[in-house]
Amino acid sequence: MSSDFETYEQDFSTLTAEITNKIGKVPKLGGEEKKQMVLNVEKQLEEARELLEQMDLEVREIPVQSRGMYNSRLKSYKQELDKLEKDFKRSRIAYSDEVRNELLGDDGNSSESQLIKLREERAHLLDNTERLERSSRRLEAGYQIAVET
């Protein structure tokens, strides 16, 4: 039984290495190539989930004495898969941003003006937050005076 688990471990390790490699390539590709790579990674992530399910079933069949060690290994594999899925999601978001910018005609030269605009908006938000806090303190003081009278 544990030999099946170890076989699944090797398959999982190989698969996650391939997924990691492909996730790194997704933002660098363009057009149809990128779409195919995204679909391929999604398929491999599903395959990795299935491997984890098989490993989980194998762990359940292992005697209780040695089950703890296998459970901890399985838990770390699940965490690794979660991290890969998050990384993939980030690379897809970057992909979505690129597509959006392409469609909107943003050529990337306006990043400096966007940064300036973001800084101005942030300063405006901070000013408004400060104003709200001052107003809240005044209201609180007025409430205290009303309570005292």
# chains A, B, ... in the order shown; residues from 1 in each chain; ligands from 1

$ residues_around --residues "Asp87 of chain A" --least-positions-apart "5" --cutoff "10 Å" --atoms "only C-alpha atoms" --output "tab-separated table (two decimals) with N, CA, C and O atoms, in the first residue's frame"
chain	number	residue	atom	x	y	z
A	20	THR	N	4.47	24.19	-12.30
A	20	THR	CA	5.24	25.37	-11.90
A	20	THR	C	5.94	25.99	-13.10
A	20	THR	O	5.93	27.21	-13.29
A	23	ILE	N	3.29	27.65	-15.31
A	23	ILE	CA	2.74	28.87	-14.71
A	23	ILE	C	3.70	30.04	-14.94
A	23	ILE	O	3.28	31.16	-15.21
A	24	GLY	N	4.99	29.76	-14.85
A	24	GLY	CA	5.98	30.80	-15.10
A	24	GLY	C	5.98	31.30	-16.54
A	24	GLY	O	6.33	32.44	-16.82
A	81	LEU	N	-0.28	22.25	-3.47
A	81	LEU	CA	-1.24	22.40	-4.57
A	81	LEU	C	-2.02	23.70	-4.41
A	81	LEU	O	-2.26	24.41	-5.40
A	82	ASP	N	-2.41	24.05	-3.19
A	82	ASP	CA	-3.11	25.32	-2.96
A	82	ASP	C	-2.24	26.49	-3.40
A	82	ASP	O	-2.73	27.43	-4.04
A	92	ARG	N	-3.03	34.18	-14.25
A	92	ARG	CA	-4.20	34.38	-15.11
A	92	ARG	C	-4.72	35.80	-14.98
A	92	ARG	O	-5.17	36.40	-15.95
A	93	ILE	N	-4.66	36.36	-13.77
A	93	ILE	CA	-5.09	37.74	-13.58
A	93	ILE	C	-4.18	38.66	-14.38
A	93	ILE	O	-4.65	39.59	-15.03

$ atom_distance --atom1 "atom CA of Phe5 of chain A" --atom2 "atom CA of Leu57 of chain A"
9.2 Å

$ residues_around --residues "segment 39-53 of chain A" --least-positions-apart "5" --cutoff "9 Å" --atoms "only C-alpha atoms" --output "compact mmCIF listing (two decimals) with C-alpha atoms, in the first residue's frame"
# COMPACT_ATOMS: atom_id res chain seq x y z
CA TYR A 8 1.58 8.74 -6.37
CA GLU A 9 4.11 10.98 -4.62
CA ASP A 11 3.78 11.38 -10.02
CA PHE A 12 2.64 14.37 -7.96
CA LEU A 15 3.30 16.99 -12.21
CA THR A 16 3.80 19.94 -9.85
CA GLU A 18 5.59 20.76 -14.83
CA ILE A 19 2.79 22.98 -13.55
CA LYS A 22 4.12 26.32 -17.18
CA ILE A 23 2.74 28.87 -14.71
CA LYS A 34 -1.37 31.51 -23.93
CA GLU A 58 -4.11 5.08 0.22
CA LEU A 74 -0.33 14.47 2.31
CA TYR A 77 1.17 18.21 -0.71
CA LYS A 78 -2.26 19.76 -0.35
CA LEU A 81 -1.24 22.40 -4.57
CA LEU A 84 0.20 26.41 -7.11
CA GLU A 85 -3.46 27.22 -7.65
CA PHE A 88 -1.85 30.15 -11.37

$ atom_distance --atom1 "atom CA of Val26 of chain A" --atom2 "atom CA of Ser91 of chain A"
6.5 Å

$ atom_distance --atom1 "atom CA of Met55 of chain A" --atom2 "atom CA of Ser72 of chain A"
11.8 Å

$ closest_residue --among "A:Asp4, A:Ile145, A:His124, A:Arg138" --to "Glu61 of chain A" --atoms "only C-alpha atoms"
A:Asp4
